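> File name target04.tsv; file contents TSV, C-alpha atoms; full text below.
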chain	number	residue	atom	x	y	z
A	1	MET	CA	141.28	118.13	120.08
A	2	GLY	CA	143.10	116.91	123.19
A	3	PRO	CA	142.24	114.25	125.72
A	4	ASP	CA	140.27	116.74	127.82
A	5	GLY	CA	137.99	117.53	124.90
A	6	MET	CA	137.40	113.84	124.26
A	7	LEU	CA	136.79	113.21	127.98
A	8	PHE	CA	134.18	115.92	128.27
A	9	ILE	CA	132.43	114.93	125.03
A	10	PHE	CA	132.20	111.37	126.36
A	11	SER	CA	131.14	112.64	129.80
A	12	LEU	CA	128.37	114.71	128.25
A	13	PHE	CA	126.94	111.69	126.44
A	14	ASP	CA	127.38	109.47	129.51
A	15	GLU	CA	125.78	112.03	131.79
A	16	GLY	CA	122.92	112.49	129.31
A	17	ALA	CA	122.27	108.74	129.40
A	18	LEU	CA	122.40	108.75	133.22
A	19	LEU	CA	120.03	111.71	133.29
A	20	PHE	CA	117.61	109.84	131.03
A	21	LEU	CA	117.93	106.79	133.29
A	22	ALA	CA	117.19	108.88	136.40
A	23	VAL	CA	114.02	110.19	134.73
A	24	TYR	CA	113.08	106.59	133.86
A	25	PHE	CA	113.50	105.57	137.52
A	26	VAL	CA	111.29	108.46	138.71
A	27	ILE	CA	108.58	107.66	136.15
A	28	THR	CA	108.62	103.93	136.93
A	29	LEU	CA	108.44	104.50	140.68
A	30	SER	CA	105.64	107.01	140.24
A	31	ASP	CA	103.76	104.44	138.13
A	32	LEU	CA	104.08	101.99	141.01
A	33	GLU	CA	102.91	104.66	143.45
A	34	CYS	CA	99.81	105.31	141.33
A	35	ASP	CA	99.15	101.55	140.88
A	36	TYR	CA	99.74	101.57	137.13
A	37	LEU	CA	102.37	98.84	137.65
A	38	ASN	CA	102.52	96.02	140.13
A	39	ALA	CA	105.52	95.75	142.42
A	40	ARG	CA	107.07	92.76	140.63
A	41	VAL	CA	107.07	94.40	137.18
A	42	CYS	CA	108.37	97.69	138.58
A	43	CYS	CA	111.23	96.06	140.48
A	44	ASP	CA	112.17	93.89	137.49
A	45	LYS	CA	112.35	96.99	135.28
A	46	LEU	CA	114.45	98.95	137.77
A	47	ASN	CA	116.79	96.10	138.73
A	48	TYR	CA	117.62	95.59	135.06
A	49	TRP	CA	119.18	99.08	134.92
A	50	VAL	CA	120.87	99.25	138.34
A	51	LEU	CA	124.11	97.58	137.21
A	52	VAL	CA	124.23	99.62	133.99
A	53	GLU	CA	123.82	102.84	135.96
A	54	MET	CA	126.54	101.84	138.41
A	55	VAL	CA	129.03	100.89	135.68
A	56	CYS	CA	128.42	104.06	133.63
A	57	HIS	CA	128.80	106.29	136.66
A	58	ASN	CA	131.93	104.57	137.97
A	59	LEU	CA	133.54	104.49	134.50
A	60	LEU	CA	133.21	108.24	134.21
A	61	SER	CA	134.58	108.66	137.75
A	62	LEU	CA	137.58	106.53	136.81
A	63	LEU	CA	138.19	108.56	133.64
A	64	LEU	CA	138.06	111.81	135.63
A	65	LEU	CA	140.60	110.38	138.06
A	66	CYS	CA	142.94	109.07	135.33
A	67	LEU	CA	142.99	112.35	133.43
A	68	GLY	CA	143.69	114.41	136.54
A	69	HIS	CA	140.43	116.27	137.10
A	70	TRP	CA	140.63	115.88	140.87
A	71	ILE	CA	137.97	118.35	141.92
A	72	LEU	CA	135.40	116.93	139.51
A	73	PHE	CA	136.35	113.42	140.63
A	74	ILE	CA	135.90	114.30	144.31
A	75	LEU	CA	132.50	115.84	143.60
A	76	TYR	CA	131.34	113.07	141.23
A	77	CYS	CA	132.67	109.96	142.96
A	78	PRO	CA	130.49	109.75	146.13
A	79	LEU	CA	127.34	108.87	144.20
A	80	GLY	CA	129.18	106.05	142.43
A	81	ALA	CA	130.46	104.77	145.76
A	82	TRP	CA	126.89	104.85	147.07
A	83	PHE	CA	125.66	102.91	143.99
A	84	THR	CA	128.34	100.29	144.56
A	85	TYR	CA	127.61	100.05	148.28
A	86	ARG	CA	123.89	99.61	147.67
A	87	TYR	CA	124.49	96.97	145.01
A	88	LEU	CA	126.95	94.96	147.09
A	89	ARG	CA	124.99	95.21	150.36
A	90	LYS	CA	121.60	94.03	149.10
A	91	PRO	CA	120.13	91.30	151.34
A	92	SER	CA	120.77	87.75	150.13
A	93	GLY	CA	117.08	86.84	149.74
A	94	ASN	CA	116.21	89.85	147.57
A	95	ILE	CA	115.97	89.62	143.79
A	96	GLY	CA	117.94	92.85	143.44
A	97	VAL	CA	118.35	96.31	144.90
A	98	PHE	CA	114.61	96.81	144.44
A	99	ASP	CA	112.64	93.92	145.95
A	100	PRO	CA	108.87	93.66	145.37
A	101	THR	CA	108.12	92.16	148.78
A	102	GLU	CA	109.86	94.95	150.66
A	103	ILE	CA	108.94	97.96	148.55
A	104	HIS	CA	105.46	98.21	150.11
A	105	ASN	CA	105.88	96.33	153.40
A	106	GLN	CA	108.69	98.49	154.73
A	107	LYS	CA	107.44	101.69	153.08
A	108	LEU	CA	110.57	101.97	150.95
A	109	LEU	CA	108.73	103.46	147.98
A	110	LYS	CA	108.93	107.01	149.34
A	111	THR	CA	112.62	106.55	150.14
A	112	TYR	CA	113.36	105.22	146.65
A	113	MET	CA	111.42	108.10	145.13
A	114	ARG	CA	113.40	110.68	147.13
A	115	GLN	CA	116.67	108.99	146.18
A	116	SER	CA	115.69	108.96	142.51
A	117	LEU	CA	114.77	112.64	142.57
A	118	ALA	CA	118.08	113.46	144.28
A	119	ARG	CA	119.92	111.48	141.59
A	120	LEU	CA	117.96	113.35	138.93
A	121	GLY	CA	119.06	116.68	140.40
A	122	PHE	CA	122.67	115.48	140.72
A	123	HIS	CA	122.82	114.34	137.10
A	124	LEU	CA	121.13	117.52	135.87
A	125	VAL	CA	123.73	119.69	137.62
A	126	PHE	CA	126.63	117.60	136.35
A	127	PHE	CA	125.22	117.57	132.81
A	128	PHE	CA	125.62	121.34	132.72
A	129	VAL	CA	129.00	121.20	134.49
A	130	PHE	CA	130.32	118.80	131.86
A	131	LEU	CA	128.74	120.88	129.08
A	132	TYR	CA	130.61	123.94	130.38
A	133	TRP	CA	133.93	122.04	130.59
A	134	MET	CA	133.42	120.55	127.14
A	135	ILE	CA	132.91	123.99	125.60
A	136	TYR	CA	135.81	125.41	127.61
A	137	SER	CA	138.22	122.63	126.57
A	138	LEU	CA	137.20	122.87	122.91
A	139	VAL	CA	137.52	126.68	122.80
A	140	LYS	CA	140.82	126.56	124.71
A	141	GLY	CA	142.20	124.16	122.09
A	142	TYR	CA	141.88	126.75	119.30
Output the file's structure in the form of structure tokens.

Amino acid sequence: MGPDGMLFIFSLFDEGALLFLAVYFVITLSDLECDYLNARVCCDKLNYWVLVEMVCHNLLSLLLLCLGHWILFILYCPLGAWFTYRYLRKPSGNIGVFDPTEIHNQKLLKTYMRQSLARLGFHLVFFFVFLYWMIYSLVKGY
């Protein structure tokens, strides 16, 4: 098995974890929308995973770049750049990317929900893209 096979096996596991995390974000935000969680608990739960999500996504982008998969890198990288931008540009008074005082006052809950659903769709598509490339690279090796 070559480096491409190892890359796509890793990418499948990484993308599966990111897909699970996107579902977790959607469920947690929907719990806040239905008043099953208060804003503080919801934002604490989500802010805990923001850095993990950003690192996992950018690590896979870096691996795609290093191993020469330019088209996949160009398609996969913008979401990681957006994660990094959001993380670095959070206001100084906020506790994290998700802030409990702003999530209801500025009506950001609907925006966060749309972003989470878009991320869910993105990760679902790339899960199957990486599954295809994993199978292709493993069959090509024989």
> I'd like the interatomic distance between atom CA of A:Tyr85 and atom CA of A:Leu37, to a tenth of an Å.
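Distance reported for this atom pair: 27.4 Å.
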> Show me, as a PDB file with C-alpha atoms, keeping the file's coordinate frame, the residues that have an atom within 9 Å of A:Ser116 when counting all atoms listed in the file, minus same-chain residues fewer than 5 positions from it.

ATOM      1  CA  ALA A  22     117.190 108.880 136.400  1.00  0.00           C
ATOM      2  CA  VAL A  23     114.020 110.190 134.730  1.00  0.00           C
ATOM      3  CA  PHE A  25     113.500 105.570 137.520  1.00  0.00           C
ATOM      4  CA  VAL A  26     111.290 108.460 138.710  1.00  0.00           C
ATOM      5  CA  LEU A  29     108.440 104.500 140.680  1.00  0.00           C
ATOM      6  CA  THR A 111     112.620 106.550 150.140  1.00  0.00           C
ATOM      7  CA  GLY A 121     119.060 116.680 140.400  1.00  0.00           C
TER       8      GLY A 121
END
> Residues near stretch 5-7 of chain A, anyone? I mean within 8 Å using only C-alpha atoms, not counting same-chain ones fewer than 2 positions away, as a PDB file with C-alpha atoms, in the coordinates of the input.

ATOM      1  CA  MET A   1     141.280 118.130 120.080  1.00  0.00           C
ATOM      2  CA  GLY A   2     143.100 116.910 123.190  1.00  0.00           C
ATOM      3  CA  PRO A   3     142.240 114.250 125.720  1.00  0.00           C
ATOM      4  CA  ILE A   9     132.430 114.930 125.030  1.00  0.00           C
ATOM      5  CA  PHE A  10     132.200 111.370 126.360  1.00  0.00           C
ATOM      6  CA  SER A  11     131.140 112.640 129.800  1.00  0.00           C
ATOM      7  CA  LEU A  63     138.190 108.560 133.640  1.00  0.00           C
ATOM      8  CA  LEU A  64     138.060 111.810 135.630  1.00  0.00           C
ATOM      9  CA  MET A 134     133.420 120.550 127.140  1.00  0.00           C
ATOM     10  CA  SER A 137     138.220 122.630 126.570  1.00  0.00           C
ATOM     11  CA  LEU A 138     137.200 122.870 122.910  1.00  0.00           C
TER      12      LEU A 138
END
> I'd like to know which of A:Arg114, A:His57, A:His104, A:Arg89 is closest to A:Tyr76, using only C-alpha atoms.
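Of the candidates, the smallest distance to A:Tyr76 is held by A:His57.
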> Can you measure atom CA of A:Leu65 to atom CA of A:Glu15 for me? One decimal in Å is fine.
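So the answer is 16.2 Å.
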> So which one's closest to A:Val41, A:Thr101, A:Trp82, A:Phe128, A:Lys110? Using all atoms listed in the file, please.
A:Thr101
> Leaving out A:Ala39 and any residue of its chain fewer than 6 positions from it, which residues lie within 12 Å of it when counting all atoms listed in the file, given as a CSV table (one decimal) with C-alpha atoms, in the frame of the given file?

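To be explicit, this is the file written out as out_12.csv:
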chain,number,residue,atom,x,y,z
A,28,THR,CA,108.6,103.9,136.9
A,29,LEU,CA,108.4,104.5,140.7
A,30,SER,CA,105.6,107.0,140.2
A,31,ASP,CA,103.8,104.4,138.1
A,32,LEU,CA,104.1,102.0,141.0
A,33,GLU,CA,102.9,104.7,143.4
A,45,LYS,CA,112.4,97.0,135.3
A,46,LEU,CA,114.4,99.0,137.8
A,47,ASN,CA,116.8,96.1,138.7
A,98,PHE,CA,114.6,96.8,144.4
A,99,ASP,CA,112.6,93.9,146.0
A,100,PRO,CA,108.9,93.7,145.4
A,101,THR,CA,108.1,92.2,148.8
A,102,GLU,CA,109.9,95.0,150.7
A,103,ILE,CA,108.9,98.0,148.6
A,104,HIS,CA,105.5,98.2,150.1
A,105,ASN,CA,105.9,96.3,153.4
A,108,LEU,CA,110.6,102.0,151.0
A,109,LEU,CA,108.7,103.5,148.0
> Would you mind reading off the distance between atom CA of A:Trp70 and atom CA of A:Trp49, one decimal, in Å?
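Between these atoms lies a distance of 27.9 Å.
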> Step by step: start from the point (125.5, 104.6, 142.7) in the file's coordinates, keep every protein, DNA or RNA residue that has an atom no farther than 12 Å from it, count all atoms listed in the file, and write the set as a ChimeraX atom specification.
/A:18,22,49-59,61,76-88,97,115-116,118-119,122-123
> Which one is closest to A:Gly16: A:Tyr136, A:Tyr36, A:Phe126, A:Phe73? Count all atoms listed in the file.
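Checking each candidate against A:Gly16, we get A:Phe126 as the closest.
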> Restricting the calculation to all atoms listed in the file, which member of A:Phe127, A:Trp133, A:Tyr112, A:Phe20 is positioned closest to A:Cys43?
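Under the stated criterion, the closest residue is A:Tyr112.
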> Considering only C-alpha atoms, state which residue in the set A:Lys140, A:Tyr132, A:Gly68, A:Asp44 is at the smallest distance from A:Ile95.
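Residue with the minimum atom-to-atom distance to A:Ile95: A:Asp44.
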